[in-house]
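To start, the structure itself, in structure tokens.
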Amino acid sequence: MGLAIASDRAIADLERAEQFQRQENWEAAIACYRRALTHSGDPGEIYPHLAAAYLDAGQYPEAIATCQQALKGDPNRAELYHTLAMALDALDRPDAATRAYDRALDAWQQALQLPLQGTGGDRAFKLGNALLASGRLDAAICAYQRAIALQPGSAEAHSNLGIAWLQAGRGDRAVAALRRARALQPQSAGIAYNLAKALDAQLRRGDASADPQLSRQRFEALLDAVKLAPEFAEAHEMLLGTVIAPQAQSASFSLLRETAAAYLRLCPPSWRSLALVGSVSVHLYSGTIPEAQAQLGELETEIYQNLGRLPNRFIRNLYSQVLFCLPHLRDDRGANSRLATFMGDRVRGVLDGQLQEPVATAKRAIGPSAPLKIGCLSAHFRRHSVGWCSRDVLRALSRIAPDLYLYSSQTLAGDDLTREFQQFAAKFYHPSRRGEAVIAEILDEMRRDRLDILIDLDSSTVSVHPEILYRRPAPICLSWLGFDAPYLGDRHYFLADWHTHPAGSERHYPEKLLRMPACFMAVGGFEDRGFAESRPWGDRLVYLCVAPGKKLDRALVDAQIQILKQVPSSILLHKGQGDLEIIQEAYREGCDRHRVERDRVQFLPQTETEEAHRAIYKTVDVLLDSYPYNGGTHNLEALYFELPVVTRVGEQFLSRMAYSFLKTLGIEAGISPTWEDYIDWGIKLGSDRELRAEIRQQLRRSRQPETLSPLWNPEQFARELYEMLFKIAR
């Protein structure tokens with residue numbers, strides 16, 4: 001705040017007041033400001049903030065009195081006149097408010113030394129624009145409000161007022177101003193777009209509960225912007241970003257599908273690939289997999305034939321979404337690889353055109369006994385699958401390579417798992433910026449650290465990672481764990497094993513494959529906090545499927561229902577996010593088709609913590625894995641808690657994860673190359689109690705120190721990984 005405060009107590013009170021204001025707890029903020037006044041070296045600097053807090057709290061007489069008291073000491077303080085004017089307006093004293101507004105505008109114009117032409121509303125509007133451009137939001141808001149008072153029908157003034165409120169973090173007031181602007185000028189694509197941005201800000205703040213129609217209104221405004229200006233790039237970008245992020249839970253899946261379909265109908269030909277990937281993504285997240293699969297072919301054709309018509313700035317967005325959707329929708333390693341390589345080539349071309357500096361980072365001289373400097377990049381050093389599955393290996397690696405630096409690519413609120421990462425890392429880096437700006441910041445940080453190795457844990461699933469990896473902030477860059485390779489070229493590596501990537505897999509990747517001797521990952525175990533092993537379903541044989549809608553291929557549902565039919569009295573528990581009605585309907589159709597009672601499929605709610613979720617594995621008999629995208633963490637958890645797994649093995653990496661785990665454990669039961677085998681193994685493991693007991697015993701032995709499997713030995717994995725990296729670095 002830049003206040004000249006004489007007392008530490010005053011500083012503390014002011015900091016608390018600012019925090020309360022951000023929380024919109026006006027009464028608490030007012031109390032803190034009043035306390036700060038009693039021991040401040042410069043109370044005149046506190047008055048404007050106290051007056052503003054009174055105004056926000058609706059205590060208009062108190063706001064007026066505070067402004068008048070402060071103006072006695074500083075009669076030219078523009079923000080005091082602004083607050084005074086707003087309070088007078090609220091008390092329906094227009095003449096006095098007008099005088100206060102004009103005094104504020106005069107003071108700001110004098111401070112900016114602006115020789116503005118015009119009078120009245122025109123002068124106020126131009127002054128507002130100058131103040132907005134200089135970042136003086138409160139002053140700009142005051143100027144626009146005065147312009148509107150003088151010219152109520154000015155759509156531009158209402159619109160710019162909305163933009164100023166939006167930048168000031170007041171989405172509710174921004175929406176009100178922009179709705180008025182849109183009513184005055186309904187054919188403006190820019191106003192429609194800005195209204196959508198303001199509505200989006202409210203949704204991100206959690207204000208949707210006040211008006212459940214906000215999501216629909218946001219999408220309608222964006223669609224109107226695209227309809228009014230078909231080449232409006234920012235509108236396309238925002239529309240795609242909001243449509244493909246259903247995990248934000250700010251809109252129903254049905255609304256997302258409706259919006260995606262409308263976007264596909266109205267988008268111009270040059271943007272069709274973007275609209276198609278949006279539609280495919282929405283269907284994928286919803287669990288309407290047949291619709292997503294049907295549109296994938298059209299998307300693929302559009303990319304191969306017309307990608308050049310899409311502006312370069314959107315090719316990276318398209319690349320990330322296409323690479324994410326492909327392994328969920330089909331297990332065709334050749335076709336998927338060709339499309340991913342094609343997209344990777346185009347992304348490299350875009351990035352090459354943007355580079356202002358050499359790509360590679362020079363190697364550091366490494367002596368035979370000097371440990372490597374290793375950096376790890378992730379957005380998920382927290383309670384997340386990547387966090388749980390990397391923690392133990394990275395902790396073990398930090399004991400071998402003390403210079404282990406962890407770089408978060410997003411600002412993290414942090415949790416108990418984050419604190420574990422912070423404890424063993426030599427450096428845990430948080431970016432100070434967001435969005436695209438974070439790329440340059442992280443690159444600068446990594447180059448200052450002079451890394452030998454950079455390990456990317458998220459690949460193309462985090463939008464900024466491919467560019468960071470492509471710019472090679474370390475001489476050796478590799479992807480591991482969170483997804484398939486990013487297809488960025490032969491200067492990079494991908495960490496796998498011989499089960500996930502058998503001989504000959506190299507031809508499907510531009511990256512160099514590094515294969516671990518046993519499995520592509522290892523964990524020390526999973527905490528479950530000692531939950532009781534109760535079985536609410538009694539002696540019935542219980543199958544479990546943990547798969548969100550995006551992993552629920554209809555052939556998988558059909559196979560699971562056929563298993564139920566052949567194992568009398570058995571039940572299936574399904575757990576996973578997505579459009580629950582769509583998921584339930586898929587199972588209902590399967591049950592009706594195979595004449596299985598619908599109530600033999602039950603749906604579990606989401607659990608509050610991972611530890612609570614893991615209790616489920618102790619109460620069921622067999623896990624039925626998903627395909628074509630296997631469960632990673634879920635399979636590991638099930639096997640750790642001694643649960644037999646049935647998995648279908650495919651061609652691509654993400655359909656061979658469970659296969660790799662089972663082969664590493666020395667277990668053949670449950671490995672299925674076809675749906676027929678999947679069904680047979682499901683029936684056999686469900687019907688044969690002794691076989692299940694043998695597998696449980698084998699899984700129990702795999703965790704014993706004397707017979708410890710590489711899958712449960714992160715220390716061994718870390719040693720072998722370090723030796724492999726050291727050889728490459730030398």
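Ordering of the structure tokens sets the chain letters (A, B, ...), residue numbers begin anew at 1 in every chain, and ligands are numbered from 1 in the order given.
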| query | Hey, what's within 9 Å of A:Lys427 if we count only C-alpha atoms and toss same-chain stuff fewer than 4 positions away? As a PyMOL selection string, please? | reply | chain A and resi 403-407+422
| Which residues come within 9 Å of A:Arg648, counting only C-alpha atoms, excluding same-chain residues fewer than 6 positions away, as an MDAnalysis selection string? | chainID A and resid 625:628 630 655:656 658:659 670:675 677:678
Keeping all heavy atoms, export the residues of the selection given above as a CSV table (one decimal), in the first residue's frame.
chain,number,residue,atom,x,y,z
A,625,ASP,N,-9.9,-53.8,-15.0
A,625,ASP,CA,-9.2,-52.6,-15.5
A,625,ASP,C,-9.9,-52.0,-16.7
A,625,ASP,O,-10.6,-52.6,-17.4
A,625,ASP,CB,-7.7,-53.0,-15.8
A,625,ASP,CG,-6.8,-51.8,-16.1
A,625,ASP,OD1,-7.2,-50.7,-15.8
A,625,ASP,OD2,-5.8,-52.0,-16.8
A,626,SER,N,-9.6,-50.7,-17.0
A,626,SER,CA,-10.1,-50.0,-18.1
A,626,SER,C,-9.2,-50.2,-19.4
A,626,SER,O,-8.1,-50.6,-19.3
A,626,SER,CB,-10.2,-48.5,-17.8
A,626,SER,OG,-9.0,-48.0,-17.5
A,627,TYR,N,-9.8,-50.0,-20.5
A,627,TYR,CA,-9.1,-50.1,-21.8
A,627,TYR,C,-9.9,-49.2,-22.8
A,627,TYR,O,-11.1,-49.2,-22.7
A,627,TYR,CB,-9.2,-51.6,-22.3
A,627,TYR,CG,-8.7,-51.8,-23.7
A,627,TYR,CD1,-7.3,-52.0,-23.9
A,627,TYR,CD2,-9.5,-51.7,-24.8
A,627,TYR,CE1,-6.9,-52.2,-25.2
A,627,TYR,CE2,-9.1,-51.9,-26.1
A,627,TYR,CZ,-7.8,-52.2,-26.3
A,627,TYR,OH,-7.3,-52.3,-27.6
A,628,PRO,N,-9.3,-48.5,-23.7
A,628,PRO,CA,-7.8,-48.6,-24.1
A,628,PRO,C,-6.9,-47.8,-23.3
A,628,PRO,O,-5.7,-47.9,-23.6
A,628,PRO,CB,-7.9,-48.1,-25.6
A,628,PRO,CG,-9.0,-47.1,-25.6
A,628,PRO,CD,-10.0,-47.7,-24.7
A,630,ASN,N,-5.5,-47.8,-19.7
A,630,ASN,CA,-5.4,-48.5,-18.4
A,630,ASN,C,-5.4,-47.6,-17.3
A,630,ASN,O,-5.0,-46.4,-17.4
A,630,ASN,CB,-4.2,-49.4,-18.3
A,630,ASN,CG,-4.2,-50.6,-19.2
A,630,ASN,OD1,-3.1,-51.2,-19.4
A,630,ASN,ND2,-5.3,-50.9,-19.9
A,655,SER,N,-2.1,-48.5,-22.8
A,655,SER,CA,-2.9,-49.7,-22.6
A,655,SER,C,-2.0,-50.9,-22.2
A,655,SER,O,-2.5,-52.0,-22.3
A,655,SER,CB,-3.6,-50.0,-24.0
A,655,SER,OG,-2.7,-50.3,-25.0
A,656,ARG,N,-0.8,-50.6,-21.8
A,656,ARG,CA,0.1,-51.7,-21.4
A,656,ARG,C,0.7,-51.4,-19.9
A,656,ARG,O,1.6,-52.1,-19.5
A,656,ARG,CB,1.3,-51.8,-22.3
A,656,ARG,CG,0.8,-52.1,-23.8
A,656,ARG,CD,2.0,-52.2,-24.7
A,656,ARG,NE,2.9,-53.3,-24.5
A,656,ARG,CZ,2.8,-54.5,-24.9
A,656,ARG,NH1,1.7,-54.8,-25.7
A,656,ARG,NH2,3.6,-55.4,-24.7
A,658,ALA,N,-0.9,-51.8,-16.8
A,658,ALA,CA,-1.2,-52.9,-15.9
A,658,ALA,C,-0.4,-54.1,-16.3
A,658,ALA,O,0.0,-54.9,-15.4
A,658,ALA,CB,-2.7,-53.1,-15.9
A,659,TYR,N,-0.3,-54.4,-17.6
A,659,TYR,CA,0.5,-55.5,-18.1
A,659,TYR,C,1.9,-55.4,-17.5
A,659,TYR,O,2.5,-56.4,-17.0
A,659,TYR,CB,0.5,-55.5,-19.6
A,659,TYR,CG,1.5,-56.5,-20.2
A,659,TYR,CD1,1.3,-57.8,-20.2
A,659,TYR,CD2,2.6,-56.0,-20.9
A,659,TYR,CE1,2.1,-58.7,-20.8
A,659,TYR,CE2,3.5,-56.8,-21.6
A,659,TYR,CZ,3.2,-58.2,-21.5
A,659,TYR,OH,4.1,-59.1,-22.1
A,670,GLY,N,-4.8,-62.9,-15.3
A,670,GLY,CA,-5.5,-61.6,-15.5
A,670,GLY,C,-5.0,-60.9,-16.8
A,670,GLY,O,-5.7,-59.9,-17.2
A,671,ILE,N,-3.9,-61.3,-17.3
A,671,ILE,CA,-3.4,-60.6,-18.5
A,671,ILE,C,-4.2,-61.1,-19.7
A,671,ILE,O,-4.2,-62.3,-20.0
A,671,ILE,CB,-1.9,-60.9,-18.7
A,671,ILE,CG1,-1.1,-60.2,-17.5
A,671,ILE,CG2,-1.4,-60.3,-20.0
A,671,ILE,CD1,0.4,-60.6,-17.5
A,672,SER,N,-4.8,-60.1,-20.5
A,672,SER,CA,-5.7,-60.5,-21.5
A,672,SER,C,-5.4,-59.8,-22.8
A,672,SER,O,-5.6,-58.5,-22.9
A,672,SER,CB,-7.1,-60.2,-21.1
A,672,SER,OG,-7.4,-60.7,-19.8
A,673,PRO,N,-5.0,-60.5,-23.9
A,673,PRO,CA,-4.7,-59.8,-25.2
A,673,PRO,C,-6.0,-59.5,-26.0
A,673,PRO,O,-6.0,-58.7,-26.9
A,673,PRO,CB,-3.8,-60.8,-25.9
A,673,PRO,CG,-4.2,-62.1,-25.3
A,673,PRO,CD,-4.5,-61.9,-23.9
A,674,THR,N,-7.1,-60.1,-25.6
A,674,THR,CA,-8.4,-59.9,-26.3
A,674,THR,C,-9.5,-59.7,-25.3
A,674,THR,O,-9.4,-60.0,-24.1
A,674,THR,CB,-8.7,-61.0,-27.3
A,674,THR,OG1,-9.0,-62.2,-26.4
A,674,THR,CG2,-7.6,-61.4,-28.2
A,675,TRP,N,-10.7,-59.3,-25.8
A,675,TRP,CA,-11.9,-59.2,-25.0
A,675,TRP,C,-12.3,-60.5,-24.5
A,675,TRP,O,-12.8,-60.7,-23.4
A,675,TRP,CB,-13.0,-58.4,-25.7
A,675,TRP,CG,-12.9,-56.9,-25.7
A,675,TRP,CD1,-12.9,-56.2,-26.9
A,675,TRP,CD2,-12.7,-56.1,-24.6
A,675,TRP,NE1,-12.7,-54.8,-26.5
A,675,TRP,CE2,-12.6,-54.7,-25.1
A,675,TRP,CE3,-12.6,-56.2,-23.2
A,675,TRP,CZ2,-12.4,-53.6,-24.3
A,675,TRP,CZ3,-12.4,-55.1,-22.4
A,675,TRP,CH2,-12.3,-53.8,-23.0
A,677,ASP,N,-10.4,-63.1,-23.8
A,677,ASP,CA,-9.6,-63.4,-22.7
A,677,ASP,C,-9.9,-62.6,-21.5
A,677,ASP,O,-9.9,-63.1,-20.3
A,677,ASP,CB,-8.1,-63.2,-23.1
A,677,ASP,CG,-7.6,-64.1,-24.2
A,677,ASP,OD1,-7.9,-65.3,-24.1
A,677,ASP,OD2,-7.0,-63.6,-25.1
A,678,TYR,N,-10.2,-61.3,-21.6
A,678,TYR,CA,-10.6,-60.5,-20.5
A,678,TYR,C,-11.8,-61.1,-19.8
A,678,TYR,O,-11.9,-61.2,-18.6
A,678,TYR,CB,-10.9,-59.1,-21.1
A,678,TYR,CG,-11.2,-58.0,-20.0
A,678,TYR,CD1,-10.2,-57.1,-19.6
A,678,TYR,CD2,-12.5,-57.8,-19.5
A,678,TYR,CE1,-10.5,-56.1,-18.7
A,678,TYR,CE2,-12.8,-56.8,-18.6
A,678,TYR,CZ,-11.8,-56.0,-18.2
A,678,TYR,OH,-12.1,-55.0,-17.3
| message | as number ranges by chain, please: the residues near A:Ala147 (cut-off 8 Å, only C-alpha atoms, same-chain neighbours under 2 positions excluded). | response | A: 120-125, 143-145, 149-152, 157
May I have the selected residues written with all heavy atoms, as a short mmCIF file (atom, residue, chain, number, x, y, z; two decimals), in the first residue's frame?
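Saved the output as part-v9.cif:
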data_model
loop_
_atom_site.label_atom_id
_atom_site.label_comp_id
_atom_site.auth_asym_id
_atom_site.auth_seq_id
_atom_site.Cartn_x
_atom_site.Cartn_y
_atom_site.Cartn_z
N GLY A 120 -17.78 17.50 -20.67
CA GLY A 120 -18.83 16.60 -20.20
C GLY A 120 -18.47 15.14 -20.31
O GLY A 120 -17.37 14.71 -19.96
N GLY A 121 -19.44 14.36 -20.84
CA GLY A 121 -19.26 12.92 -20.91
C GLY A 121 -18.11 12.51 -21.79
O GLY A 121 -17.41 11.53 -21.50
N ASP A 122 -17.87 13.24 -22.87
CA ASP A 122 -16.76 12.91 -23.76
C ASP A 122 -15.42 13.04 -23.04
O ASP A 122 -14.55 12.18 -23.15
CB ASP A 122 -16.80 13.80 -24.99
CG ASP A 122 -15.72 13.44 -26.00
OD1 ASP A 122 -15.67 12.28 -26.40
OD2 ASP A 122 -14.93 14.33 -26.35
N ARG A 123 -15.27 14.13 -22.29
CA ARG A 123 -14.03 14.33 -21.53
C ARG A 123 -13.86 13.23 -20.49
O ARG A 123 -12.77 12.66 -20.33
CB ARG A 123 -14.07 15.69 -20.85
CG ARG A 123 -12.98 15.88 -19.78
CD ARG A 123 -13.08 17.27 -19.15
NE ARG A 123 -12.15 17.42 -18.05
CZ ARG A 123 -12.47 17.27 -16.77
NH1 ARG A 123 -13.70 16.94 -16.44
NH2 ARG A 123 -11.57 17.45 -15.83
N ALA A 124 -14.92 12.90 -19.79
CA ALA A 124 -14.83 11.87 -18.75
C ALA A 124 -14.48 10.52 -19.36
O ALA A 124 -13.67 9.76 -18.80
CB ALA A 124 -16.15 11.79 -17.99
N PHE A 125 -15.06 10.21 -20.53
CA PHE A 125 -14.79 8.93 -21.19
C PHE A 125 -13.33 8.85 -21.62
O PHE A 125 -12.65 7.83 -21.39
CB PHE A 125 -15.71 8.77 -22.39
CG PHE A 125 -15.49 7.50 -23.16
CD1 PHE A 125 -15.84 6.27 -22.63
CD2 PHE A 125 -14.91 7.54 -24.42
CE1 PHE A 125 -15.62 5.09 -23.34
CE2 PHE A 125 -14.69 6.37 -25.15
CZ PHE A 125 -15.05 5.15 -24.60
N ALA A 143 -14.12 7.79 -13.62
CA ALA A 143 -14.31 8.56 -14.86
C ALA A 143 -15.42 7.97 -15.71
O ALA A 143 -16.27 8.71 -16.25
CB ALA A 143 -13.00 8.59 -15.64
N TYR A 144 -15.46 6.65 -15.85
CA TYR A 144 -16.52 6.03 -16.65
C TYR A 144 -17.89 6.22 -16.01
O TYR A 144 -18.89 6.43 -16.72
CB TYR A 144 -16.23 4.54 -16.85
CG TYR A 144 -15.04 4.26 -17.75
CD1 TYR A 144 -14.07 3.33 -17.39
CD2 TYR A 144 -14.90 4.90 -18.98
CE1 TYR A 144 -12.99 3.07 -18.20
CE2 TYR A 144 -13.82 4.64 -19.81
CZ TYR A 144 -12.86 3.72 -19.41
OH TYR A 144 -11.79 3.47 -20.23
N GLN A 145 -17.95 6.14 -14.69
CA GLN A 145 -19.23 6.36 -14.02
C GLN A 145 -19.74 7.78 -14.28
O GLN A 145 -20.93 8.00 -14.50
CB GLN A 145 -19.09 6.10 -12.52
CG GLN A 145 -18.97 4.62 -12.18
CD GLN A 145 -18.62 4.39 -10.72
OE1 GLN A 145 -17.91 5.19 -10.10
NE2 GLN A 145 -19.12 3.29 -10.17
N ALA A 149 -23.10 8.94 -16.30
CA ALA A 149 -24.09 9.86 -15.72
C ALA A 149 -24.44 10.96 -16.71
O ALA A 149 -25.60 11.41 -16.78
CB ALA A 149 -23.54 10.46 -14.43
N LEU A 150 -23.47 11.39 -17.50
CA LEU A 150 -23.70 12.46 -18.46
C LEU A 150 -24.25 11.94 -19.79
O LEU A 150 -24.98 12.65 -20.48
CB LEU A 150 -22.39 13.23 -18.69
CG LEU A 150 -21.86 14.00 -17.47
CD1 LEU A 150 -20.43 14.45 -17.71
CD2 LEU A 150 -22.75 15.20 -17.16
N GLN A 151 -23.87 10.70 -20.15
CA GLN A 151 -24.33 10.11 -21.41
C GLN A 151 -24.78 8.67 -21.15
O GLN A 151 -24.07 7.71 -21.44
CB GLN A 151 -23.21 10.12 -22.45
CG GLN A 151 -22.78 11.52 -22.88
CD GLN A 151 -21.64 11.49 -23.89
OE1 GLN A 151 -20.91 10.51 -23.99
NE2 GLN A 151 -21.47 12.58 -24.63
N PRO A 152 -25.96 8.46 -20.58
CA PRO A 152 -26.41 7.12 -20.18
C PRO A 152 -26.51 6.13 -21.33
O PRO A 152 -26.47 4.92 -21.10
CB PRO A 152 -27.79 7.38 -19.56
CG PRO A 152 -27.91 8.84 -19.39
CD PRO A 152 -26.92 9.51 -20.27
N ALA A 157 -18.98 3.54 -22.97
CA ALA A 157 -18.67 3.86 -21.59
C ALA A 157 -19.07 2.72 -20.66
O ALA A 157 -18.31 2.34 -19.75
CB ALA A 157 -19.38 5.15 -21.18
#
| Secondary structure check, strand (DSSP E) residues of stretch 466-548 of chain A, as an NGL selection string | :A and (476-479 or 493-497 or 512-516 or 542-546)
Deliver the residues from the most recent selection as a file, using N, CA and C atoms, as a PDB file, in the first residue's frame.
ATOM      1  N   ILE A 476      20.149 -32.684 -21.337  1.00  0.00           N
ATOM      2  CA  ILE A 476      19.387 -33.922 -21.515  1.00  0.00           C
ATOM      3  C   ILE A 476      17.994 -33.703 -20.944  1.00  0.00           C
ATOM      4  N   CYS A 477      16.983 -33.872 -21.779  1.00  0.00           N
ATOM      5  CA  CYS A 477      15.597 -33.695 -21.355  1.00  0.00           C
ATOM      6  C   CYS A 477      14.828 -34.981 -21.648  1.00  0.00           C
ATOM      7  N   LEU A 478      14.080 -35.450 -20.670  1.00  0.00           N
ATOM      8  CA  LEU A 478      13.283 -36.648 -20.896  1.00  0.00           C
ATOM      9  C   LEU A 478      11.923 -36.521 -20.245  1.00  0.00           C
ATOM     10  N   SER A 479      10.958 -37.242 -20.793  1.00  0.00           N
ATOM     11  CA  SER A 479       9.608 -37.296 -20.256  1.00  0.00           C
ATOM     12  C   SER A 479       9.420 -38.635 -19.558  1.00  0.00           C
ATOM     13  N   TYR A 493      14.249 -37.673 -24.773  1.00  0.00           N
ATOM     14  CA  TYR A 493      14.139 -39.075 -24.375  1.00  0.00           C
ATOM     15  C   TYR A 493      12.777 -39.326 -23.740  1.00  0.00           C
ATOM     16  N   PHE A 494      12.392 -40.606 -23.763  1.00  0.00           N
ATOM     17  CA  PHE A 494      11.178 -41.031 -23.068  1.00  0.00           C
ATOM     18  C   PHE A 494      11.506 -42.265 -22.251  1.00  0.00           C
ATOM     19  N   LEU A 495      11.129 -42.256 -20.975  1.00  0.00           N
ATOM     20  CA  LEU A 495      11.469 -43.340 -20.053  1.00  0.00           C
ATOM     21  C   LEU A 495      10.348 -44.370 -20.014  1.00  0.00           C
ATOM     22  N   ALA A 496      10.690 -45.631 -20.274  1.00  0.00           N
ATOM     23  CA  ALA A 496       9.689 -46.686 -20.362  1.00  0.00           C
ATOM     24  C   ALA A 496      10.294 -47.987 -19.826  1.00  0.00           C
ATOM     25  N   ASP A 497       9.753 -49.136 -20.241  1.00  0.00           N
ATOM     26  CA  ASP A 497      10.363 -50.429 -19.945  1.00  0.00           C
ATOM     27  C   ASP A 497      10.082 -51.370 -21.119  1.00  0.00           C
ATOM     28  N   LYS A 512      14.065 -40.692 -28.285  1.00  0.00           N
ATOM     29  CA  LYS A 512      14.854 -41.889 -27.988  1.00  0.00           C
ATOM     30  C   LYS A 512      14.236 -42.561 -26.769  1.00  0.00           C
ATOM     31  N   LEU A 513      14.044 -43.876 -26.859  1.00  0.00           N
ATOM     32  CA  LEU A 513      13.455 -44.614 -25.747  1.00  0.00           C
ATOM     33  C   LEU A 513      14.535 -45.074 -24.778  1.00  0.00           C
ATOM     34  N   LEU A 514      14.336 -44.782 -23.505  1.00  0.00           N
ATOM     35  CA  LEU A 514      15.165 -45.332 -22.431  1.00  0.00           C
ATOM     36  C   LEU A 514      14.312 -46.341 -21.683  1.00  0.00           C
ATOM     37  N   ARG A 515      14.800 -47.579 -21.567  1.00  0.00           N
ATOM     38  CA  ARG A 515      13.998 -48.620 -20.925  1.00  0.00           C
ATOM     39  C   ARG A 515      14.625 -49.027 -19.594  1.00  0.00           C
ATOM     40  N   MET A 516      13.811 -48.979 -18.546  1.00  0.00           N
ATOM     41  CA  MET A 516      14.253 -49.453 -17.247  1.00  0.00           C
ATOM     42  C   MET A 516      14.342 -50.985 -17.269  1.00  0.00           C
ATOM     43  N   VAL A 542     -17.470 -59.595  -5.446  1.00  0.00           N
ATOM     44  CA  VAL A 542     -17.560 -58.183  -5.813  1.00  0.00           C
ATOM     45  C   VAL A 542     -16.427 -57.807  -6.766  1.00  0.00           C
ATOM     46  N   TYR A 543     -16.812 -57.332  -7.953  1.00  0.00           N
ATOM     47  CA  TYR A 543     -15.864 -56.744  -8.897  1.00  0.00           C
ATOM     48  C   TYR A 543     -15.853 -55.228  -8.703  1.00  0.00           C
ATOM     49  N   LEU A 544     -14.723 -54.635  -9.011  1.00  0.00           N
ATOM     50  CA  LEU A 544     -14.587 -53.180  -8.921  1.00  0.00           C
ATOM     51  C   LEU A 544     -14.034 -52.654 -10.233  1.00  0.00           C
ATOM     52  N   CYS A 545     -14.625 -51.569 -10.735  1.00  0.00           N
ATOM     53  CA  CYS A 545     -14.071 -50.837 -11.885  1.00  0.00           C
ATOM     54  C   CYS A 545     -13.927 -49.383 -11.462  1.00  0.00           C
ATOM     55  N   VAL A 546     -12.687 -48.891 -11.470  1.00  0.00           N
ATOM     56  CA  VAL A 546     -12.432 -47.488 -11.158  1.00  0.00           C
ATOM     57  C   VAL A 546     -12.028 -46.824 -12.468  1.00  0.00           C
TER      58      VAL A 546
END
| task | Could you please write out, as an MDAnalysis selection string, every residue of stretch 332-541 of chain A that DSSP assigns to helix (DSSP H, G or I)? | result | chainID A and resid 333:354 385:400 416:424 437:449 459:461 465:470 505:508
| Just how far from atom CA of A:Ala615 is atom CA of A:Ile561, in Å to one decimal? |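 Separation between atom CA of A:Ile561 and atom CA of A:Ala615: 24.3 Å.
The gap separating atom CA of A:Asp458 from atom CA of A:Leu264 is 29.6 Å, in Å to one decimal.
Excluding A:Leu296 itself and any same-chain residue fewer than 5 positions from it, the protein and nucleic acid residues within 12 Å of it, counting only C-alpha atoms, are Ser273, Ala275, Leu276, Val277, Gly278, Ser279, Val280, Ser281, His283, Leu284, Ile289, Pro290, Glu291, Thr301, Glu302, Ile303, Gln321, Val322, Leu323, Cys325, Leu326, Pro327, His328, Leu329, Arg330, Ala335, Asn336 and Leu339 of chain A.
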| query | So, counting only C-alpha atoms, which residue among A:Phe661, A:Phe653, A:Tyr54, A:Tyr722 is closest to A:Tyr33? | reply | A:Tyr54
